[in-house]
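Chemist: The structure that follows is given in the form of structure tokens.
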Amino acid sequence: MPRHLKTGLSDDAKADADAKVRRTVEEVLADIEARGDTAVREYSERFDGWSPAEFRLSRAAVDACYGRVSARERADIEFAQEQIRNFAEIQKGALRDVEHETMPGVVLGHRNIPVNSVGSYVPGGKYPMVASAHMSVVTAKVAGVKRIATCAPPYEGEPNPAIVVAQDLGGADEIYCLGGVQAVGAMALGTESIEPVDMLVGPGNMFVAEAKRQLFGRVGIDLFAGPTETLVIADETVDGELCAADLLGQAEHGPTSPATLVTTSERLARDTMAEVERQLEVLPTAGVAGQAWRDYGQVIVCESPEEMVAVADGIAAEHV
């Protein structure tokens, strides 16, 4: 029987928090639909302290970002995008159009046609998630999408240069420095300055994930990608320092990111919990990671490897 040495918030508390997120997102989306750019600017000021003259970056502003990334950073971006582009081309090549006359006069088939426009959300308010720009912008470009609009929140009070460069090199047609529900809502619903898109892609926090859920049907989406979550399965051969580092490496992504250890070793379980507290004393991201660990962290001791697998299947974490 699995034993919980640490649990997070109760199911009732999580349900209450989820309900508050749903209500908040409903209100914001309704306001954006009613008041357009005015509402978007007010929410950007409120949530990000960001109210530039224009949310869309000019060509000059994008070019200026190239001068603020190192040669190594640009090389890393280009290398990553080359790998993603190459495999996306392979995937596209596997999507074949079909047309066949099954009987005289009856022709059946299908065609793979890209959507006209995509809105790519790239999270990065707390930490620049450059890889998200690669994965959503490059693949849309390979698919043949005619218009790719991207939104990423300001980082430390300005557009993050690495994210902007990644968006531009990936093939974005419009680059906006705008975050959160206001960004997703503006791209999906459209405003006076932002044309609506056909599909939303990209991960985000719980508010962004809920906005995509509520907007699904008005636009297409890729998937519901909420706060990142990790689950470590370990036995007595592992040390607590390594487990703690793995757990906190995902917990630091956001205050609602679940991090779970499942183990057959009570010694490892207790060592890991002690190590987490030690590392939180020196971790630069301790403010976020500590809250996530406190509210959503779990440590579960199982009696056998088979029981660990069953527990892991029940949790179904994003990263295992």
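Ligands are numbered from 1 in the order shown, chains are lettered A, B, ... in the order of the structure tokens, and residues start at 1 in each chain.
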Mind checking which residues fall within 9 Å of stretch 278-285 of chain A, counting only C-alpha atoms, ignoring those fewer than 6 positions away in the same chain, and posting them as a PyMOL selection string?
Modeler: chain A and resi 241+244-245+248+252-253
Chemist: For stretch 152-160 of chain A, work out the shell of residues within 6 Å, counting only C-alpha atoms and skipping chain neighbours fewer than 4 positions away, then give it as a VMD selection string.
Modeler: chain A and resid 122 to 125 177 to 179
Chemist: Please report the interatomic distance between atom CA of A:Gly190 and atom CA of A:Ala131 in Å with one decimal.
Modeler: 25.9 Å
Chemist: Using DSSP on the backbone, list every residue of stretch 97-255 of chain A that comes out as strand (DSSP E or B), and give them as a ChimeraX atom specification.
Modeler: /A:98-103,106-110,117-121,147-152,155,158,174-177,199-201,216,219-221,230-234
Chemist: One decimal, Å: what's the distance from atom CA of A:Val21 over to atom CA of A:His4, could you say?
Modeler: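 Atom CA of A:His4 lies 27.6 Å from atom CA of A:Val21.
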Chemist: Please list as a ChimeraX atom specification every residue within 12 Å of A:Gln83, counting only C-alpha atoms and excluding residues in the same chain fewer than 6 positions away.
Modeler: /A:76-77,89-90,134-135,138-139,170
Chemist: Let's have the selection written as a PDB file, in the first residue's frame, with C-alpha atoms.
Modeler:
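Done, and the output landed in selection.pdb:
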ATOM      1  CA  ASP A  76      22.532  27.428 -30.332  1.00  0.00           C
ATOM      2  CA  ILE A  77      19.229  28.799 -31.643  1.00  0.00           C
ATOM      3  CA  GLU A  89      10.131  18.086 -43.006  1.00  0.00           C
ATOM      4  CA  ILE A  90      10.351  14.327 -42.498  1.00  0.00           C
ATOM      5  CA  HIS A 134      11.468  26.646 -31.908  1.00  0.00           C
ATOM      6  CA  MET A 135       8.806  24.003 -31.478  1.00  0.00           C
ATOM      7  CA  VAL A 138       9.441  26.415 -36.974  1.00  0.00           C
ATOM      8  CA  THR A 139       6.921  23.602 -37.341  1.00  0.00           C
ATOM      9  CA  GLY A 170      11.883  30.484 -36.956  1.00  0.00           C
TER      10      GLY A 170
END
Chemist: Please give the complete set of residues from stretch 30-268 of chain A that DSSP, run on the backbone, assigns to helix (DSSP H, G or I), formatted as a PDB file with C-alpha atoms, in the first residue's frame.
Modeler:
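After the write, states-v4.pdb holds the following:
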ATOM      1  CA  ALA A  30     -15.209  38.477 -22.230  1.00  0.00           C
ATOM      2  CA  ASP A  31     -13.627  41.866 -21.559  1.00  0.00           C
ATOM      3  CA  ILE A  32     -11.152  41.494 -24.434  1.00  0.00           C
ATOM      4  CA  GLU A  33     -13.962  40.513 -26.780  1.00  0.00           C
ATOM      5  CA  ALA A  34     -15.964  43.571 -25.715  1.00  0.00           C
ATOM      6  CA  ARG A  35     -13.228  46.226 -25.471  1.00  0.00           C
ATOM      7  CA  ASP A  37      -7.057  46.727 -27.434  1.00  0.00           C
ATOM      8  CA  THR A  38      -8.114  48.833 -24.463  1.00  0.00           C
ATOM      9  CA  ALA A  39      -8.760  45.755 -22.353  1.00  0.00           C
ATOM     10  CA  VAL A  40      -5.573  44.045 -23.561  1.00  0.00           C
ATOM     11  CA  ARG A  41      -3.484  47.053 -22.523  1.00  0.00           C
ATOM     12  CA  GLU A  42      -5.132  47.287 -19.112  1.00  0.00           C
ATOM     13  CA  TYR A  43      -4.458  43.614 -18.369  1.00  0.00           C
ATOM     14  CA  SER A  44      -0.879  43.880 -19.606  1.00  0.00           C
ATOM     15  CA  GLU A  45      -0.314  46.812 -17.259  1.00  0.00           C
ATOM     16  CA  ARG A  46      -2.011  44.987 -14.393  1.00  0.00           C
ATOM     17  CA  PHE A  47      -0.352  41.589 -14.721  1.00  0.00           C
ATOM     18  CA  ASP A  48       3.016  42.398 -16.326  1.00  0.00           C
ATOM     19  CA  ARG A  59      11.547  45.476 -37.734  1.00  0.00           C
ATOM     20  CA  ALA A  60      14.054  47.831 -36.116  1.00  0.00           C
ATOM     21  CA  ALA A  61      13.197  46.519 -32.635  1.00  0.00           C
ATOM     22  CA  VAL A  62      13.591  42.918 -33.803  1.00  0.00           C
ATOM     23  CA  ASP A  63      16.931  43.721 -35.457  1.00  0.00           C
ATOM     24  CA  ALA A  64      18.134  45.380 -32.263  1.00  0.00           C
ATOM     25  CA  CYS A  65      17.585  42.113 -30.402  1.00  0.00           C
ATOM     26  CA  TYR A  66      20.128  40.375 -32.646  1.00  0.00           C
ATOM     27  CA  ALA A  71      27.347  34.513 -30.980  1.00  0.00           C
ATOM     28  CA  ARG A  72      27.027  31.304 -28.945  1.00  0.00           C
ATOM     29  CA  GLU A  73      23.346  31.973 -28.187  1.00  0.00           C
ATOM     30  CA  ARG A  74      22.568  32.587 -31.843  1.00  0.00           C
ATOM     31  CA  ALA A  75      24.490  29.474 -32.875  1.00  0.00           C
ATOM     32  CA  ASP A  76      22.532  27.428 -30.332  1.00  0.00           C
ATOM     33  CA  ILE A  77      19.229  28.799 -31.643  1.00  0.00           C
ATOM     34  CA  GLU A  78      20.166  28.083 -35.243  1.00  0.00           C
ATOM     35  CA  PHE A  79      21.384  24.573 -34.426  1.00  0.00           C
ATOM     36  CA  ALA A  80      18.196  23.690 -32.527  1.00  0.00           C
ATOM     37  CA  GLN A  81      15.983  25.060 -35.263  1.00  0.00           C
ATOM     38  CA  GLU A  82      17.877  23.185 -37.952  1.00  0.00           C
ATOM     39  CA  GLN A  83      17.230  19.883 -36.141  1.00  0.00           C
ATOM     40  CA  ILE A  84      13.552  20.674 -35.571  1.00  0.00           C
ATOM     41  CA  ARG A  85      13.082  21.867 -39.147  1.00  0.00           C
ATOM     42  CA  ASN A  86      14.717  18.756 -40.573  1.00  0.00           C
ATOM     43  CA  PHE A  87      12.498  16.395 -38.608  1.00  0.00           C
ATOM     44  CA  ALA A  88       9.392  18.480 -39.311  1.00  0.00           C
ATOM     45  CA  GLU A  89      10.131  18.086 -43.006  1.00  0.00           C
ATOM     46  CA  ILE A  90      10.351  14.327 -42.498  1.00  0.00           C
ATOM     47  CA  GLN A  91       7.022  14.338 -40.646  1.00  0.00           C
ATOM     48  CA  LYS A  92       5.399  16.433 -43.369  1.00  0.00           C
ATOM     49  CA  GLY A  93       6.693  14.011 -45.965  1.00  0.00           C
ATOM     50  CA  VAL A 130      13.297  29.843 -26.008  1.00  0.00           C
ATOM     51  CA  ALA A 131      12.645  26.225 -26.986  1.00  0.00           C
ATOM     52  CA  SER A 132       8.909  26.928 -27.191  1.00  0.00           C
ATOM     53  CA  ALA A 133       9.567  29.339 -30.046  1.00  0.00           C
ATOM     54  CA  HIS A 134      11.468  26.646 -31.908  1.00  0.00           C
ATOM     55  CA  MET A 135       8.806  24.003 -31.478  1.00  0.00           C
ATOM     56  CA  SER A 136       5.783  26.067 -32.470  1.00  0.00           C
ATOM     57  CA  VAL A 137       7.066  28.619 -34.980  1.00  0.00           C
ATOM     58  CA  VAL A 138       9.441  26.415 -36.974  1.00  0.00           C
ATOM     59  CA  THR A 139       6.921  23.602 -37.341  1.00  0.00           C
ATOM     60  CA  ALA A 140       4.176  25.986 -38.466  1.00  0.00           C
ATOM     61  CA  LYS A 141       6.534  27.420 -41.063  1.00  0.00           C
ATOM     62  CA  VAL A 142       7.408  23.966 -42.395  1.00  0.00           C
ATOM     63  CA  ALA A 143       3.708  23.089 -42.541  1.00  0.00           C
ATOM     64  CA  PRO A 161      16.236  39.184 -27.012  1.00  0.00           C
ATOM     65  CA  ALA A 162      16.797  35.425 -27.316  1.00  0.00           C
ATOM     66  CA  ILE A 163      13.073  34.716 -27.629  1.00  0.00           C
ATOM     67  CA  VAL A 164      12.642  37.473 -30.217  1.00  0.00           C
ATOM     68  CA  VAL A 165      15.574  36.201 -32.282  1.00  0.00           C
ATOM     69  CA  ALA A 166      14.262  32.629 -32.076  1.00  0.00           C
ATOM     70  CA  GLN A 167      10.810  33.748 -33.202  1.00  0.00           C
ATOM     71  CA  ASP A 168      12.258  35.719 -36.098  1.00  0.00           C
ATOM     72  CA  LEU A 169      14.684  33.026 -37.256  1.00  0.00           C
ATOM     73  CA  GLY A 170      11.883  30.484 -36.956  1.00  0.00           C
ATOM     74  CA  GLY A 180      -0.817  35.719 -20.421  1.00  0.00           C
ATOM     75  CA  VAL A 181      -4.531  35.416 -21.105  1.00  0.00           C
ATOM     76  CA  GLN A 182      -4.499  38.842 -22.744  1.00  0.00           C
ATOM     77  CA  ALA A 183      -2.093  37.553 -25.402  1.00  0.00           C
ATOM     78  CA  VAL A 184      -3.963  34.327 -26.081  1.00  0.00           C
ATOM     79  CA  GLY A 185      -7.305  36.143 -26.066  1.00  0.00           C
ATOM     80  CA  ALA A 186      -6.099  38.861 -28.432  1.00  0.00           C
ATOM     81  CA  MET A 187      -4.763  36.342 -30.940  1.00  0.00           C
ATOM     82  CA  ALA A 188      -7.865  34.148 -30.839  1.00  0.00           C
ATOM     83  CA  LEU A 189     -10.583  36.798 -30.669  1.00  0.00           C
ATOM     84  CA  MET A 206      -2.635  27.500 -15.695  1.00  0.00           C
ATOM     85  CA  PHE A 207      -4.326  30.706 -16.905  1.00  0.00           C
ATOM     86  CA  VAL A 208      -3.041  30.285 -20.469  1.00  0.00           C
ATOM     87  CA  ALA A 209      -4.051  26.609 -20.486  1.00  0.00           C
ATOM     88  CA  GLU A 210      -7.543  27.498 -19.253  1.00  0.00           C
ATOM     89  CA  ALA A 211      -7.850  30.257 -21.863  1.00  0.00           C
ATOM     90  CA  LYS A 212      -7.032  27.757 -24.606  1.00  0.00           C
ATOM     91  CA  ARG A 213      -9.628  25.372 -23.185  1.00  0.00           C
ATOM     92  CA  GLN A 214     -12.318  28.057 -23.200  1.00  0.00           C
ATOM     93  CA  LEU A 215     -11.370  29.276 -26.687  1.00  0.00           C
ATOM     94  CA  GLY A 240      18.660  12.334  -2.482  1.00  0.00           C
ATOM     95  CA  GLU A 241      20.690  15.215  -3.898  1.00  0.00           C
ATOM     96  CA  LEU A 242      20.060  14.108  -7.481  1.00  0.00           C
ATOM     97  CA  CYS A 243      16.346  13.481  -6.868  1.00  0.00           C
ATOM     98  CA  ALA A 244      15.929  16.888  -5.240  1.00  0.00           C
ATOM     99  CA  ALA A 245      17.671  18.630  -8.139  1.00  0.00           C
ATOM    100  CA  ASP A 246      15.390  16.898 -10.659  1.00  0.00           C
ATOM    101  CA  LEU A 247      12.260  17.785  -8.702  1.00  0.00           C
ATOM    102  CA  LEU A 248      13.199  21.430  -8.158  1.00  0.00           C
ATOM    103  CA  GLY A 249      14.347  21.778 -11.776  1.00  0.00           C
ATOM    104  CA  GLN A 250      10.692  21.455 -12.816  1.00  0.00           C
ATOM    105  CA  ALA A 251       9.080  23.006  -9.725  1.00  0.00           C
ATOM    106  CA  GLU A 266      12.016   5.358   2.761  1.00  0.00           C
ATOM    107  CA  ARG A 267      15.628   6.379   3.370  1.00  0.00           C
ATOM    108  CA  LEU A 268      15.806   7.944  -0.099  1.00  0.00           C
TER     109      LEU A 268
END
Chemist: From the list A:Glu27, A:Glu101, A:Glu318, A:Asp198, which residue is nearest A:Thr228 when using only C-alpha atoms?
Modeler: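 Of A:Glu27, A:Glu101, A:Glu318, A:Asp198, the one nearest A:Thr228 is A:Glu318, counting only C-alpha atoms.
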Chemist: For A:Gly254, find every residue with an atom within 7 Å (counting only C-alpha atoms), except residues of its own chain fewer than 4 positions away, and show them as a VMD selection string.
Modeler: chain A and resid 227 288 to 289 292
